[in-house]
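S.K.: Once you've had a glance at the structure underneath, I'll fire off some questions.
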Amino acid sequence: DSLPTALLFYRRNGSVLLMNSGMAELMNAMAGKIYRNGEEFFRKVIVEGVCLPQCERVEMEGEIVYRLSDRRVWKFTTADLHLGRRTYVQLSASDVTDQWEMIQELQRQSESLKEKGEKLKEAIVNIREICFREESLRMKNRFHDVLGQRIALLLRSLREDKIPDETLLADFAEDFLK
């Protein structure tokens, strides 16, 4: 009775050989009564999930566990015990509340990280777009400055009644294309 694990030993036909107080408390909390047939308790309550409304059947890492109204979570396991020519069944229940809470916290953190990852992806896309726009604007400004400089030189030459030579115009055109 001092074990933290709830234990039930029964014959294959279901007749109970030994039950500690922890298993009796679990039976009462889950089904509202103490079963005298271990196989019936295992089949109806544990396997089929026929239990009181305050007892919730949930999955934890691919295994079925039960969360009771006191928020404790219990995992049930069975093992066949062979003693001589007889076979008995050991049904044990372990309190996995701490593990349950850690898994729940990890799931919350995982969801939070997924959300932050999506926001980070959006920010990266926005940063790329901003960088492209800034570079495009720099190129446009540079083009505008060079073109304005060439036009100013041409206008000055024309005001001074100088006809620009063909090589200068060809250089302007070539620089313009570059």
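Residue numbers start at 1 in each chain; chains themselves are named A, B, ... in the order of the structure tokens; ligands are numbered from 1 in the order shown.
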Find the spatial neighbours of Ala6 (chain A), counting only C-alpha atoms, within a cut-off of 8 Å - ignore same-chain residues fewer than 4 positions away - and output them as a PyMOL selection string.

M.R.: chain A and resi 20-23+26+92-94

S.K.: Contacts of region 39-52 of chain A at 6 Å or less, counting only C-alpha atoms, minus same-chain residues fewer than 5 places along, as a ChimeraX atom specification?

M.R.: /A:14,30-31

S.K.: So which residues of region 4-167 of chain A fall under strand (DSSP E) by DSSP, listed as a PyMOL selection string?

M.R.: chain A and resi 6-11+16-19+56-60+63-67+73-83+86-95

S.K.: Considering only helix (DSSP H, G or I) as DSSP defines it on the backbone, what residues of region 15-170 of chain A qualify? List them as a ChimeraX atom specification.

M.R.: /A:21-31,38-47,97-159,166-170

S.K.: Which neighbours of Tyr10 (chain A) fall inside 8 Å, counting only C-alpha atoms, when residues of the same chain fewer than 2 positions from it are skipped, and could you give them as a list in words?

M.R.: Leu8, Arg12, Asn13, Gly14, Ser15, Val16, Leu17, Leu18, Asn37, Gly38, Glu39, Tyr88, Val89 and Gln90 of chain A

S.K.: Residues as selected, N, CA and C atoms, written as a compact mmCIF listing (two decimals), in the first residue's frame, can you do that?

M.R.:
# COMPACT_ATOMS: atom_id res chain seq x y z
N LEU A 8 -2.91 -4.48 -9.26
CA LEU A 8 -4.00 -5.44 -9.19
C LEU A 8 -3.49 -6.74 -9.80
N ARG A 12 -6.77 -15.45 -14.79
CA ARG A 12 -7.27 -15.28 -16.17
C ARG A 12 -8.80 -15.15 -16.22
N ASN A 13 -9.49 -15.81 -15.32
CA ASN A 13 -10.96 -15.72 -15.30
C ASN A 13 -11.45 -14.40 -14.69
N GLY A 14 -10.52 -13.60 -14.16
CA GLY A 14 -10.88 -12.29 -13.64
C GLY A 14 -10.92 -12.20 -12.13
N SER A 15 -10.91 -13.34 -11.44
CA SER A 15 -11.02 -13.27 -9.97
C SER A 15 -9.76 -12.61 -9.39
N VAL A 16 -10.02 -11.64 -8.54
CA VAL A 16 -8.95 -10.82 -7.96
C VAL A 16 -8.23 -11.60 -6.87
N LEU A 17 -6.89 -11.57 -6.95
CA LEU A 17 -6.06 -12.19 -5.93
C LEU A 17 -5.57 -11.15 -4.93
N LEU A 18 -5.13 -9.99 -5.47
CA LEU A 18 -4.55 -8.98 -4.61
C LEU A 18 -4.73 -7.61 -5.27
N ASN A 37 -13.89 -8.24 -10.31
CA ASN A 37 -13.40 -8.99 -11.47
C ASN A 37 -12.38 -8.11 -12.19
N GLY A 38 -11.11 -8.49 -12.11
CA GLY A 38 -10.04 -7.69 -12.70
C GLY A 38 -10.12 -7.60 -14.21
N GLU A 39 -10.50 -8.71 -14.87
CA GLU A 39 -10.61 -8.71 -16.33
C GLU A 39 -11.73 -7.78 -16.78
N TYR A 88 -1.10 -15.63 -14.15
CA TYR A 88 -1.84 -14.55 -13.52
C TYR A 88 -1.59 -13.26 -14.31
N VAL A 89 -2.44 -12.30 -14.10
CA VAL A 89 -2.30 -11.01 -14.78
C VAL A 89 -2.00 -9.94 -13.75
N GLN A 90 -0.99 -9.16 -14.05
CA GLN A 90 -0.66 -8.00 -13.19
C GLN A 90 -1.08 -6.75 -13.95

S.K.: Excluding same-chain residues fewer than 6 positions from Ile103 (chain A), what lies within 10 Å of it counting only C-alpha atoms, as a list in words?

M.R.: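 The filter keeps Met60, Glu61, Thr97 and Gln109 of chain A.
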
S.K.: Name all residues at most 9 Å from Ala24 (chain A) (count only C-alpha atoms; drop same-chain ones fewer than 4 positions away) and give them as a PyMOL selection string.

M.R.: chain A and resi 6-8+19-20+28-29+33-35

S.K.: Which of these, A:Ile124, A:Leu68, A:Leu169, A:Val58, has the shortest distance to Arg150 (chain A) once you count only C-alpha atoms?

M.R.: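 Looking only at the distances to Arg150 (chain A), the closest residue turns out to be A:Leu169.
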
S.K.: For Phe9 (chain A), which of A:Leu168, A:Ala79, A:Leu113, A:Val96 is the closest residue, counting only C-alpha atoms?

M.R.: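 Using only C-alpha atoms, Phe9 (chain A) sits closest to A:Ala79.
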